[in-house]
>>> print(open('query.cif').read())   # mmCIF, C-alpha atoms and all ligand atoms
data_work
loop_
_atom_site.label_atom_id
_atom_site.label_comp_id
_atom_site.auth_asym_id
_atom_site.auth_seq_id
_atom_site.Cartn_x
_atom_site.Cartn_y
_atom_site.Cartn_z
CA MET A 156 35.01 -15.43 -25.66
CA PHE A 157 34.93 -15.10 -29.43
CA SER A 158 33.08 -18.27 -30.31
CA THR A 159 30.86 -19.06 -33.24
CA THR A 160 29.60 -22.23 -31.57
CA LYS A 161 28.76 -21.25 -27.99
CA LYS A 162 25.10 -20.55 -27.40
CA ILE A 163 23.99 -17.10 -26.28
CA GLY A 164 20.54 -17.21 -24.66
CA ILE A 165 18.47 -14.03 -24.79
CA LEU A 166 15.41 -13.54 -22.58
CA GLY A 167 12.88 -11.62 -24.65
CA GLY A 168 12.34 -11.53 -28.40
CA GLY A 169 11.18 -7.97 -29.08
CA GLN A 170 12.91 -5.47 -31.34
CA LEU A 171 15.93 -5.16 -29.03
CA GLY A 172 16.39 -8.92 -29.17
CA LYS A 173 16.01 -8.84 -32.93
CA MET A 174 18.68 -6.17 -33.42
CA LEU A 175 20.98 -8.02 -31.00
CA CYS A 176 20.56 -11.20 -33.07
CA LEU A 177 21.31 -9.27 -36.27
CA ALA A 178 24.54 -7.93 -34.76
CA ALA A 179 25.46 -11.42 -33.52
CA ALA A 180 24.87 -12.83 -37.00
CA ASN A 181 27.65 -10.58 -38.38
CA TRP A 182 30.10 -12.68 -36.35
CA ASP A 183 28.17 -15.92 -36.83
CA PHE A 184 27.46 -16.02 -33.08
CA LYS A 185 24.63 -18.41 -32.15
CA THR A 186 21.57 -16.78 -30.58
CA CYS A 187 18.67 -18.49 -28.78
CA ILE A 188 15.54 -16.51 -27.95
CA LEU A 189 12.99 -17.21 -25.22
CA ASP A 190 9.58 -15.56 -25.59
CA THR A 191 5.93 -16.50 -25.45
CA SER A 192 5.07 -16.33 -29.16
CA ALA A 193 6.90 -17.39 -32.30
CA ASP A 194 5.50 -14.18 -33.82
CA VAL A 195 7.90 -11.87 -31.92
CA PRO A 196 10.40 -9.84 -34.00
CA ALA A 197 13.54 -11.77 -32.92
CA ALA A 198 12.09 -15.22 -33.61
CA LYS A 199 12.63 -14.73 -37.35
CA VAL A 200 16.32 -13.90 -37.10
CA CYS A 201 17.69 -16.08 -34.28
CA HIS A 202 19.21 -19.56 -34.53
CA GLU A 203 16.92 -21.19 -32.01
CA PHE A 204 13.57 -20.07 -30.72
CA SER A 205 12.09 -21.45 -27.48
CA LYS A 206 8.48 -20.78 -26.65
CA GLY A 207 7.92 -19.91 -23.01
CA ASN A 208 7.41 -17.22 -20.40
CA PHE A 209 10.64 -15.53 -19.27
CA ASN A 210 8.90 -14.65 -16.00
CA ASP A 211 8.42 -18.29 -15.05
CA TYR A 212 11.11 -19.82 -12.80
CA GLN A 213 11.13 -23.33 -14.27
CA THR A 214 10.93 -22.10 -17.89
CA VAL A 215 13.97 -19.82 -17.48
CA LEU A 216 15.88 -22.56 -15.63
CA ASP A 217 15.18 -25.10 -18.38
CA PHE A 218 16.02 -22.59 -21.11
CA GLY A 219 19.31 -21.61 -19.48
CA ARG A 220 20.71 -25.06 -18.72
CA ASP A 221 22.36 -25.69 -22.11
CA LYS A 222 23.41 -22.09 -22.80
CA ASP A 223 26.95 -20.78 -22.35
CA LEU A 224 25.90 -17.21 -21.70
CA ILE A 225 22.57 -15.59 -20.92
CA THR A 226 21.58 -12.00 -21.48
CA ILE A 227 18.31 -10.06 -21.59
CA GLU A 228 16.49 -7.57 -23.78
CA ILE A 229 13.92 -6.74 -21.09
CA GLU A 230 14.51 -6.47 -17.35
CA HIS A 231 11.19 -7.93 -16.22
CA VAL A 232 12.40 -11.53 -16.15
CA ASN A 233 12.61 -14.20 -13.46
CA THR A 234 15.79 -13.23 -11.61
CA GLU A 235 15.54 -16.14 -9.11
CA ALA A 236 16.01 -18.58 -11.98
CA LEU A 237 18.94 -16.53 -13.26
CA GLU A 238 20.53 -16.66 -9.80
CA ALA A 239 20.13 -20.46 -9.75
CA LEU A 240 21.68 -20.72 -13.23
CA GLU A 241 24.54 -18.45 -12.19
CA ALA A 242 25.17 -20.65 -9.15
CA SER A 243 25.32 -23.68 -11.45
CA GLY A 244 28.00 -22.04 -13.56
CA VAL A 245 26.12 -20.37 -16.43
CA GLU A 246 27.48 -16.92 -17.18
CA ILE A 247 24.75 -14.26 -16.85
CA HIS A 248 25.11 -10.63 -17.98
CA PRO A 249 23.86 -8.33 -16.59
CA ALA A 250 24.32 -9.88 -13.14
CA PRO A 251 21.02 -11.07 -11.60
CA ARG A 252 21.69 -9.05 -8.43
CA ALA A 253 21.84 -5.83 -10.48
CA LEU A 254 18.74 -6.83 -12.43
CA LYS A 255 16.82 -7.39 -9.19
CA ILE A 256 17.54 -3.83 -8.11
CA ILE A 257 16.90 -2.26 -11.49
CA LYS A 258 13.57 -3.95 -12.23
CA ASP A 259 12.12 -2.47 -9.03
CA LYS A 260 12.10 1.33 -9.33
CA GLY A 261 11.93 1.60 -5.52
CA LEU A 262 15.10 -0.44 -4.99
CA GLN A 263 16.70 1.44 -7.88
CA LYS A 264 16.09 4.80 -6.23
CA GLN A 265 17.35 3.50 -2.86
CA PHE A 266 20.48 2.29 -4.65
CA TYR A 267 21.13 5.82 -5.95
CA ALA A 268 20.67 7.28 -2.48
CA GLU A 269 23.04 4.71 -0.94
CA ASN A 270 25.67 5.21 -3.64
CA ASP A 271 25.64 8.99 -3.67
CA ILE A 272 24.26 9.14 -7.20
CA PRO A 273 22.27 12.36 -7.71
CA THR A 274 18.56 11.68 -8.23
CA ALA A 275 15.23 13.46 -7.58
CA HIS A 276 14.07 13.31 -3.95
CA PHE A 277 11.70 10.36 -3.38
CA GLU A 278 9.83 8.22 -0.86
CA LEU A 279 8.42 4.68 -1.11
CA PHE A 280 4.74 3.88 -0.40
CA ASP A 281 2.72 0.65 -0.08
CA ASP A 282 -0.28 1.84 -2.07
CA ALA A 283 -2.39 4.79 -3.21
CA ASP A 284 -4.07 5.19 0.20
CA ALA A 285 -0.69 5.66 1.87
CA VAL A 286 0.06 8.36 -0.72
CA ARG A 287 -3.25 10.12 0.07
CA ASP A 288 -2.41 9.99 3.80
CA ALA A 289 1.00 11.56 3.13
CA VAL A 290 -0.70 14.40 1.26
CA ALA A 291 -3.43 14.82 3.92
CA SER A 292 -0.82 15.06 6.67
CA GLY A 293 1.14 17.65 4.68
CA ARG A 294 4.26 15.51 4.28
CA TRP A 295 3.92 15.64 0.48
CA SER A 296 2.37 18.47 -1.44
CA LEU A 297 1.15 18.77 -5.02
CA PRO A 298 2.41 18.50 -7.70
CA PHE A 299 4.49 15.30 -7.68
CA VAL A 300 5.23 12.23 -9.78
CA GLN A 301 4.00 8.78 -8.79
CA LYS A 302 5.70 5.69 -10.22
CA SER A 303 4.74 2.04 -9.88
CA ARG A 304 7.66 0.11 -8.44
CA THR A 305 7.46 -2.79 -10.87
CA ALA A 306 4.70 -2.43 -13.47
CA GLY A 307 6.05 0.37 -15.63
CA TYR A 308 7.55 0.79 -19.08
CA ASP A 309 7.27 3.52 -21.72
CA GLY A 310 5.53 5.85 -19.30
CA LYS A 311 2.74 3.39 -18.42
CA GLY A 312 3.70 3.17 -14.75
CA VAL A 313 4.18 6.92 -14.31
CA SER A 314 1.48 9.37 -13.22
CA ILE A 315 1.92 13.08 -12.74
CA ILE A 316 -0.36 14.21 -9.93
CA ARG A 317 -1.02 17.94 -10.16
CA THR A 318 -4.42 18.57 -8.58
CA LYS A 319 -6.65 17.32 -5.75
CA SER A 320 -8.91 15.60 -8.29
CA ASP A 321 -5.86 13.77 -9.71
CA LEU A 322 -5.53 12.19 -6.24
CA ASP A 323 -8.84 10.43 -6.88
CA ALA A 324 -8.56 9.85 -10.61
CA LYS A 325 -4.91 9.37 -11.49
CA LEU A 326 -3.15 7.55 -8.63
CA LEU A 327 -1.79 4.16 -9.69
CA PRO A 328 -2.57 1.14 -7.49
CA GLY A 329 0.02 -0.94 -5.64
CA PRO A 330 3.52 -0.34 -4.26
CA CYS A 331 4.93 2.88 -5.64
CA LEU A 332 7.27 5.78 -5.09
CA LEU A 333 6.72 9.50 -5.14
CA GLU A 334 9.22 11.86 -6.66
CA ILE A 335 9.27 15.61 -6.69
CA LEU A 336 8.26 16.98 -10.09
CA THR A 337 11.66 18.08 -11.37
CA PRO A 338 12.06 21.13 -13.60
CA ILE A 339 13.69 19.71 -16.72
CA GLN A 340 15.59 21.71 -19.32
CA THR A 341 16.59 18.66 -21.35
CA GLU A 342 16.19 14.91 -20.94
CA ILE A 343 19.38 13.17 -21.90
CA ALA A 344 20.68 9.62 -21.92
CA VAL A 345 24.18 8.19 -21.92
CA ILE A 346 24.84 4.56 -22.75
CA ALA A 347 27.82 3.04 -20.99
CA ALA A 348 29.36 -0.35 -21.70
CA ARG A 349 31.59 -2.42 -19.43
CA ASN A 350 33.28 -5.78 -19.94
CA LYS A 351 34.63 -8.36 -17.47
CA GLN A 352 38.07 -6.80 -17.72
CA ASP A 353 36.45 -3.70 -16.16
CA GLU A 354 36.96 -1.53 -19.23
CA VAL A 355 34.25 1.12 -19.58
CA VAL A 356 33.29 3.23 -22.58
CA THR A 357 30.46 5.73 -22.94
CA TYR A 358 28.57 7.00 -25.97
CA PRO A 359 28.01 10.73 -26.50
CA ALA A 360 24.92 12.02 -24.66
CA VAL A 361 21.69 12.03 -26.64
CA GLU A 362 18.76 14.37 -26.17
CA MET A 363 15.30 12.82 -25.83
CA ASP A 364 12.20 14.75 -26.85
CA PHE A 365 8.99 13.15 -25.63
CA HIS A 366 5.59 12.72 -27.23
CA PRO A 367 3.30 14.58 -24.81
CA GLU A 368 0.46 12.03 -24.98
CA ALA A 369 2.09 8.64 -25.48
CA ASN A 370 5.10 9.32 -23.20
CA LEU A 371 7.34 7.74 -25.84
CA VAL A 372 10.49 9.31 -27.20
CA GLU A 373 9.34 11.25 -30.25
CA MET A 374 12.68 12.42 -31.50
CA LEU A 375 16.16 11.71 -30.30
CA VAL A 376 19.00 14.02 -31.15
CA CYS A 377 22.67 13.12 -31.03
CA PRO A 378 24.83 14.82 -30.01
CA ALA A 379 22.61 16.45 -27.38
CA ARG A 380 22.44 20.25 -27.54
CA ILE A 381 24.13 20.75 -24.17
CA SER A 382 27.41 22.38 -23.16
CA PRO A 383 30.62 20.35 -23.55
CA LEU A 384 31.06 20.54 -19.79
CA VAL A 385 27.62 19.07 -19.06
CA ALA A 386 28.21 16.39 -21.74
CA ALA A 387 31.48 15.38 -20.06
CA GLN A 388 29.81 15.35 -16.63
CA ALA A 389 26.98 13.17 -17.94
CA GLU A 390 29.43 10.66 -19.44
CA ALA A 391 31.46 10.55 -16.22
CA LEU A 392 28.28 10.00 -14.20
CA ALA A 393 27.19 7.13 -16.47
CA GLU A 394 30.60 5.52 -15.97
CA ARG A 395 30.23 5.83 -12.21
CA VAL A 396 26.73 4.32 -12.32
CA ILE A 397 27.69 1.26 -14.41
CA ARG A 398 30.61 0.53 -12.06
CA ALA A 399 28.35 0.96 -9.01
CA PHE A 400 25.88 -1.59 -10.39
CA ASP A 401 28.77 -3.90 -11.36
CA VAL A 402 27.07 -4.54 -14.69
CA CYS A 403 28.77 -6.23 -17.66
CA GLY A 404 27.09 -5.28 -20.90
CA LEU A 405 25.29 -2.04 -21.61
CA LEU A 406 23.74 0.31 -19.11
CA ALA A 407 21.58 3.10 -20.52
CA VAL A 408 21.41 5.94 -18.01
CA GLU A 409 18.45 8.30 -18.42
CA MET A 410 19.09 11.69 -16.84
CA PHE A 411 17.37 15.02 -16.29
CA LEU A 412 19.32 18.21 -16.91
CA THR A 413 17.74 20.89 -14.74
CA PRO A 414 17.61 24.59 -15.72
CA ASP A 415 20.48 25.26 -13.27
CA GLN A 416 22.58 22.63 -15.12
CA GLN A 417 22.37 19.97 -12.44
CA ILE A 418 22.30 16.37 -13.69
CA LEU A 419 19.95 13.91 -11.95
CA VAL A 420 19.77 10.19 -12.76
CA ASN A 421 16.17 9.28 -13.61
CA GLU A 422 16.41 5.55 -14.30
CA VAL A 423 18.64 2.98 -15.94
CA ALA A 424 18.20 0.01 -18.26
CA PRO A 425 20.86 -2.75 -18.29
CA ARG A 426 20.50 -3.60 -21.98
CA PRO A 427 20.33 -2.00 -25.42
CA HIS A 428 18.05 1.02 -25.29
CA ASN A 429 15.86 3.10 -27.56
CA SER A 430 18.25 6.01 -27.06
CA GLY A 431 21.05 4.05 -28.71
CA HIS A 432 19.35 2.92 -31.89
CA HIS A 433 20.98 5.67 -33.94
CA THR A 434 24.40 4.13 -33.22
CA ILE A 435 23.66 1.43 -35.83
CA ASP A 436 23.86 4.06 -38.55
CA SER A 437 25.85 6.89 -37.01
CA ALA A 438 28.55 5.55 -34.65
CA ILE A 439 31.68 3.49 -35.18
CA THR A 440 30.26 0.65 -33.05
CA SER A 441 26.52 0.04 -32.73
CA GLN A 442 25.09 -0.43 -29.23
CA PHE A 443 24.12 -4.00 -30.16
CA GLU A 444 27.62 -5.00 -31.24
CA GLN A 445 28.88 -3.22 -28.13
CA HIS A 446 26.60 -5.24 -25.87
CA LEU A 447 27.93 -8.46 -27.43
CA ARG A 448 31.53 -7.29 -27.07
CA ALA A 449 30.90 -6.43 -23.41
CA ILE A 450 29.09 -9.62 -22.37
CA CYS A 451 31.55 -11.83 -24.27
CA GLY A 452 34.59 -10.22 -22.66
CA LEU A 453 35.84 -8.85 -26.00
CA PRO A 454 37.60 -5.50 -26.47
CA LEU A 455 35.05 -2.68 -26.38
CA GLY A 456 34.47 -0.79 -29.63
CA ALA A 457 34.95 2.91 -30.28
CA THR A 458 31.84 4.95 -29.44
CA ARG A 459 32.64 8.00 -31.56
CA GLN A 460 29.89 9.33 -33.74
CA ILE A 461 30.59 9.55 -37.45
CA GLN A 462 27.75 11.94 -38.33
CA PRO A 463 25.10 13.87 -36.39
CA ALA A 464 21.91 11.82 -36.16
CA VAL A 465 18.23 12.09 -35.32
CA MET A 466 16.16 9.02 -34.45
CA VAL A 467 12.39 8.94 -34.69
CA ASN A 468 10.25 6.07 -33.53
CA VAL A 469 7.84 4.67 -36.08
CA LEU A 470 4.63 4.47 -34.05
CA GLY A 471 1.29 2.97 -34.94
CA GLU A 472 -0.99 5.81 -36.03
CA ASP A 473 -3.79 6.69 -33.60
CA GLY A 474 -7.09 5.17 -34.71
CA PHE A 475 -5.65 2.14 -36.52
CA SER A 476 -5.49 -1.42 -35.17
CA GLY A 477 -4.91 -4.61 -37.13
CA PRO A 478 -2.61 -6.00 -39.83
CA VAL A 479 0.11 -3.44 -40.47
CA HIS A 480 0.57 -1.37 -43.61
CA TYR A 481 3.40 1.14 -44.12
CA GLU A 482 2.78 4.25 -46.19
CA GLY A 483 5.35 6.70 -47.54
CA ALA A 484 8.49 4.57 -47.22
CA ASP A 485 9.55 5.15 -50.86
CA GLU A 486 9.48 8.90 -50.41
CA CYS A 487 11.58 8.65 -47.24
CA LEU A 488 14.14 6.34 -48.83
CA ALA A 489 14.63 8.86 -51.63
CA MET A 490 16.23 11.21 -49.08
CA GLU A 491 19.95 10.79 -48.40
CA GLY A 492 20.85 9.45 -44.95
CA VAL A 493 17.43 8.00 -44.12
CA HIS A 494 17.77 4.55 -42.55
CA ILE A 495 14.49 2.72 -41.97
CA HIS A 496 14.35 -0.13 -39.44
CA LEU A 497 11.07 -2.06 -39.19
CA TYR A 498 10.72 -4.56 -36.38
CA GLY A 499 8.39 -7.00 -38.13
CA LYS A 500 5.39 -6.76 -35.81
CA THR A 501 2.41 -8.05 -37.76
CA GLU A 502 -0.28 -6.01 -36.00
CA THR A 503 -0.33 -2.26 -35.47
CA ARG A 504 -1.99 -0.45 -32.52
CA PRO A 505 -2.13 3.24 -31.63
CA PHE A 506 1.37 4.35 -30.53
CA ARG A 507 2.82 0.82 -30.72
CA LYS A 508 6.55 0.91 -31.52
CA MET A 509 6.70 -0.62 -35.00
CA GLY A 510 10.16 0.54 -35.98
CA HIS A 511 12.51 3.49 -36.01
CA VAL A 512 14.23 5.68 -38.56
CA THR A 513 17.68 7.13 -38.11
CA ILE A 514 18.44 10.22 -40.14
CA THR A 515 22.06 11.23 -40.56
CA ASP A 516 23.41 14.43 -42.08
CA ASP A 517 26.53 16.57 -42.12
CA THR A 518 24.78 18.93 -39.70
CA LEU A 519 22.33 18.33 -36.87
CA GLU A 520 20.05 21.04 -38.26
CA GLY A 521 19.93 19.24 -41.61
CA ALA A 522 19.12 15.94 -39.91
CA ILE A 523 16.30 17.56 -37.90
CA VAL A 524 14.70 19.02 -41.04
CA LYS A 525 14.80 15.62 -42.76
CA ALA A 526 13.47 13.90 -39.61
CA GLN A 527 10.44 16.20 -39.57
CA LYS A 528 9.79 15.29 -43.21
CA VAL A 529 10.07 11.57 -42.35
CA ARG A 530 7.66 11.98 -39.45
CA SER A 531 5.01 13.57 -41.60
CA THR A 532 5.53 11.11 -44.48
CA LEU A 533 5.94 7.63 -43.00
CA ARG A 534 2.62 6.38 -41.64
CA VAL A 535 1.76 3.08 -39.96
CA ILE A 536 -1.84 2.20 -40.61
CA SER A 537 -4.07 -0.77 -41.16
CA VAL A 538 -6.14 -1.21 -44.30
N1 LIG A 601 10.53 13.35 -11.19
C1 LIG A 601 10.13 13.71 -12.42
N2 LIG A 601 9.93 15.00 -12.73
C2 LIG A 601 9.51 15.39 -13.96
N3 LIG A 601 9.25 14.54 -14.96
C3 LIG A 601 9.42 13.22 -14.73
C4 LIG A 601 9.87 12.74 -13.46
N4 LIG A 601 9.96 11.39 -13.53
C5 LIG A 601 9.58 11.05 -14.78
N5 LIG A 601 9.25 12.14 -15.51
C6 LIG A 601 8.81 12.12 -16.93
O1 LIG A 601 8.18 10.88 -17.23
C7 LIG A 601 8.94 10.14 -18.19
C8 LIG A 601 8.85 8.65 -17.89
O2 LIG A 601 9.39 8.38 -16.60
P1 LIG A 601 10.39 7.16 -16.36
O3 LIG A 601 10.70 7.09 -14.92
O4 LIG A 601 11.56 7.32 -17.27
O5 LIG A 601 9.48 5.92 -16.74
P2 LIG A 601 9.50 4.87 -17.94
O6 LIG A 601 9.96 3.61 -17.30
O7 LIG A 601 8.12 4.81 -18.39
O8 LIG A 601 10.47 5.38 -18.98
C9 LIG A 601 10.33 10.72 -18.08
O9 LIG A 601 11.10 10.48 -19.25
C10 LIG A 601 10.03 12.18 -17.84
O10 LIG A 601 9.65 12.82 -19.04
MG MG A 602 12.30 6.21 -18.84
#
>>> encode(input="query.cif", output="structure tokens")
Amino acid sequence: MFSTTKKIGILGGGQLGKMLCLAAANWDFKTCILDTSADVPAAKVCHEFSKGNFNDYQTVLDFGRDKDLITIEIEHVNTEALEALEASGVEIHPAPRALKIIKDKGLQKQFYAENDIPTAHFELFDDADAVRDAVASGRWSLPFVQKSRTAGYDGKGVSIIRTKSDLDAKLLPGPCLLEILTPIQTEIAVIAARNKQDEVVTYPAVEMDFHPEANLVEMLVCPARISPLVAAQAEALAERVIRAFDVCGLLAVEMFLTPDQQILVNEVAPRPHNSGHHTIDSAITSQFEQHLRAICGLPLGATRQIQPAVMVNVLGEDGFSGPVHYEGADECLAMEGVHIHLYGKTETRPFRKMGHVTITDDTLEGAIVKAQKVRSTLRVISV
């Protein structure tokens, strides 16, 4: 469907929704955003904004009725309403049945086990007391990783339990899973795209370096500094995972590369992803255009990278909350290959994702040096 009149509904109006709308605008595609506040980043760049909660059954049903195609920019949406819309003939990508599995980390892990997709050993639990019992009986021993089944994003639903006192202080409430604490050499991600015609393409693997405190990606490096063999294996695995989920659109596959060069799938996101932002400035086809191509049944675009790239998140500085003020942008823009993307959030908070910067260069080393300069120069504060 290449149509400049059909309505594409997007659940969620954050930065991913905004960048999807911007890509859609290049083709004059019509985008409609559903989110709770007209202040969200995408509201300013879409064709139609509807105010409402994408977790509410009736709201999603009403929003979807007059749309030709529905997609998401966040997986925590009302999937029952999406199933009802699908049954009434509205096209939904990614498929609600895949979304239902993916938005529950417990079901996601079971899916990997059932489909022979390598992942860290795990077990599901009803609550923190059941976890304590499993430790007391010797079935699980410290250290391990506890993850909330449904509440998590950006590390908020993940707790690393290392000591006996962590069992009292750091266990998260509610249904969860335990995973063995995996030795990680490098965290990588591969974004795959698939259309209705069952074509699949994958982007080169990226390397994700995490902020130790905020659990947000601090720097993303593409191509990842891994062997060509591991890179090829990671891309092949991502292709297998997107076919297993039967997803049309993007699927970002986060993986752990262990010191013995084993690849484990950590989690997936069926939408544009932080680890693909650099593609706007460094690849032949951006992940946002690719998502549109895939959900609209268009030919998929080339995923080749034009130049090495580093992506840094622009995070709210610790200690500042309130109306946002950006410092140091002029200095950054004076450097060649520095592409600043600000999401348009009016208020800053410590570690809030306010934007990102992609730095391209002829060499990865050159891009990393410039990225470090950007990180120490661009500051998000409140005055
Ligand atoms: N089993 C594990 N072993 C070691 N580190 C882990 C494990 N699971 C998660 N982590 C660390 O925690 C981060 C966040 O976990 P993840 O499951 O990706 O949650 P989120 O939804 O917050 O991204 C990972 O990127 C990784 O750094
Ligand atoms: Mg993650």
>>> residues_around(input="query.cif", residues="Asp259 of chain A", least_positions_apart="6", cutoff="12 Å", atoms="all atoms listed in the file", output="PyMOL selection string")
chain A and resi 230-232+234+252-253+265-266+279+302-308+312+330-332+422-424
>>> residues_near_ligand(input="query.cif", ligand="ligand MG 602 (chain A)", cutoff="12 Å", atoms="all atoms listed in the file", output="PDB file with C-alpha atoms, in the coordinates of the input")
ATOM      1  CA  LYS A 260      12.100   1.330  -9.330  1.00  0.00           C
ATOM      2  CA  LYS A 302       5.700   5.690 -10.220  1.00  0.00           C
ATOM      3  CA  GLY A 307       6.050   0.370 -15.630  1.00  0.00           C
ATOM      4  CA  TYR A 308       7.550   0.790 -19.080  1.00  0.00           C
ATOM      5  CA  ASP A 309       7.270   3.520 -21.720  1.00  0.00           C
ATOM      6  CA  GLY A 310       5.530   5.850 -19.300  1.00  0.00           C
ATOM      7  CA  LYS A 311       2.740   3.390 -18.420  1.00  0.00           C
ATOM      8  CA  GLY A 312       3.700   3.170 -14.750  1.00  0.00           C
ATOM      9  CA  VAL A 313       4.180   6.920 -14.310  1.00  0.00           C
ATOM     10  CA  GLU A 342      16.190  14.910 -20.940  1.00  0.00           C
ATOM     11  CA  ILE A 343      19.380  13.170 -21.900  1.00  0.00           C
ATOM     12  CA  ALA A 344      20.680   9.620 -21.920  1.00  0.00           C
ATOM     13  CA  MET A 363      15.300  12.820 -25.830  1.00  0.00           C
ATOM     14  CA  ASP A 364      12.200  14.750 -26.850  1.00  0.00           C
ATOM     15  CA  PHE A 365       8.990  13.150 -25.630  1.00  0.00           C
ATOM     16  CA  ASN A 370       5.100   9.320 -23.200  1.00  0.00           C
ATOM     17  CA  LEU A 371       7.340   7.740 -25.840  1.00  0.00           C
ATOM     18  CA  VAL A 372      10.490   9.310 -27.200  1.00  0.00           C
ATOM     19  CA  ALA A 407      21.580   3.100 -20.520  1.00  0.00           C
ATOM     20  CA  VAL A 408      21.410   5.940 -18.010  1.00  0.00           C
ATOM     21  CA  GLU A 409      18.450   8.300 -18.420  1.00  0.00           C
ATOM     22  CA  MET A 410      19.090  11.690 -16.840  1.00  0.00           C
ATOM     23  CA  PHE A 411      17.370  15.020 -16.290  1.00  0.00           C
ATOM     24  CA  VAL A 420      19.770  10.190 -12.760  1.00  0.00           C
ATOM     25  CA  ASN A 421      16.170   9.280 -13.610  1.00  0.00           C
ATOM     26  CA  GLU A 422      16.410   5.550 -14.300  1.00  0.00           C
ATOM     27  CA  VAL A 423      18.640   2.980 -15.940  1.00  0.00           C
ATOM     28  CA  ALA A 424      18.200   0.010 -18.260  1.00  0.00           C
ATOM     29  CA  HIS A 428      18.050   1.020 -25.290  1.00  0.00           C
ATOM     30  CA  ASN A 429      15.860   3.100 -27.560  1.00  0.00           C
ATOM     31  CA  SER A 430      18.250   6.010 -27.060  1.00  0.00           C
TER      32      SER A 430
END
>>> residues_near_point(input="query.cif", point="(8.0, 0.4, -34.8)", cutoff="6 Å", atoms="only C-alpha atoms", output="PyMOL selection string")
chain A and resi 469-470+497-498+508-511
>>> write_last_selection(input="query.cif", atoms="C-alpha atoms", output="PDB file, in the frame of the given file")
ATOM      1  CA  VAL A 469       7.840   4.670 -36.080  1.00  0.00           C
ATOM      2  CA  LEU A 470       4.630   4.470 -34.050  1.00  0.00           C
ATOM      3  CA  LEU A 497      11.070  -2.060 -39.190  1.00  0.00           C
ATOM      4  CA  TYR A 498      10.720  -4.560 -36.380  1.00  0.00           C
ATOM      5  CA  LYS A 508       6.550   0.910 -31.520  1.00  0.00           C
ATOM      6  CA  MET A 509       6.700  -0.620 -35.000  1.00  0.00           C
ATOM      7  CA  GLY A 510      10.160   0.540 -35.980  1.00  0.00           C
ATOM      8  CA  HIS A 511      12.510   3.490 -36.010  1.00  0.00           C
TER       9      HIS A 511
END
>>> closest_residue(input="query.cif", among="A:Lys162, A:His366, A:Arg530, A:Lys319", to="ligand LIG 601 (chain A)", atoms="only C-alpha atoms and all ligand atoms")
A:His366
>>> closest_atom_pairs(input="query.cif", of="segment 226-332 of chain A", to="segment 168-191 of chain A", cutoff="9 Å", atoms="all atoms listed in the file", output="JSON lines")
{"residue": "A:Ile227", "atom": "CA", "partner": "A:Gly172", "partner_atom": "CA", "distance": 7.9}
{"residue": "A:Glu228", "atom": "CA", "partner": "A:Gly172", "partner_atom": "CA", "distance": 5.6}
{"residue": "A:Ile229", "atom": "CA", "partner": "A:Leu171", "partner_atom": "CA", "distance": 8.3}
>>> axis_aligned_box(input="query.cif", around="ligand LIG 601 (chain A)", padding_each_side="3 Å", output="JSON")
{"center_x": 9.8, "center_y": 9.5, "center_z": -15.2, "size_x": 9.4, "size_y": 17.8, "size_z": 14.1}
>>> residues_near_point(input="query.cif", point="(10.2, 15.9, -40.2)", cutoff="12 Å", atoms="only C-alpha atoms", output="list in words")
Glu373, Met374, Val465, Met466, Val467, Asn468, Cys487, Met490, Val493, Val512, Thr513, Ile514, Glu520, Gly521, Ala522, Ile523, Val524, Lys525, Ala526, Gln527, Lys528, Val529, Arg530, Ser531, Thr532 and Leu533 of chain A
>>> closest_residue(input="query.cif", among="A:Gly404, A:Pro298, A:Pro196, A:Pro338", to="ligand LIG 601 (chain A)", atoms="all atoms listed in the file")
A:Pro338
>>> closest_residue(input="query.cif", among="A:Leu455, A:Leu375, A:Leu412, A:Val402", to="Gln388 of chain A", atoms="all atoms listed in the file")
A:Leu412
>>> atom_distance(input="query.cif", atom1="atom N3 of ligand LIG 601 (chain A)", atom2="atom CA of Lys258 of chain A")
19.2 Å
>>> residues_around(input="query.cif", residues="Ser537 of chain A", least_positions_apart="4", cutoff="8 Å", atoms="all atoms listed in the file", output="PyMOL selection string")
chain A and resi 475-480+503
>>> residues_around(input="query.cif", residues="Glu278 of chain A", least_positions_apart="6", cutoff="10 Å", atoms="only C-alpha atoms", output="ChimeraX atom specification")
/A:261,264-265,286,295,301,331-335
>>> residues_around(input="query.cif", residues="Asp221 of chain A", least_positions_apart="3", cutoff="10 Å", atoms="all atoms listed in the file", output="list in words")
Lys161, Lys162, Ile163, Gly164, Leu216, Asp217, Phe218, Leu224 and Val245 of chain A
>>> write_last_selection(input="query.cif", atoms="C-alpha atoms", output="compact mmCIF listing (two decimals), in the coordinates of the input")
# COMPACT_ATOMS: atom_id res chain seq x y z
CA LYS A 161 28.76 -21.25 -27.99
CA LYS A 162 25.10 -20.55 -27.40
CA ILE A 163 23.99 -17.10 -26.28
CA GLY A 164 20.54 -17.21 -24.66
CA LEU A 216 15.88 -22.56 -15.63
CA ASP A 217 15.18 -25.10 -18.38
CA PHE A 218 16.02 -22.59 -21.11
CA LEU A 224 25.90 -17.21 -21.70
CA VAL A 245 26.12 -20.37 -16.43
>>> residues_around(input="query.cif", residues="Cys403 of chain A", least_positions_apart="4", cutoff="7 Å", atoms="only C-alpha atoms", output="list in words")
His248, Pro249, Arg349, Asn350, Lys351, Ala449 and Ile450 of chain A
>>> atom_distance(input="query.cif", atom1="atom CA of Thr337 of chain A", atom2="atom N5 of ligand LIG 601 (chain A)")
7.6 Å
>>> atom_distance(input="query.cif", atom1="atom CA of Arg287 of chain A", atom2="atom CA of Leu419 of chain A")
26.4 Å
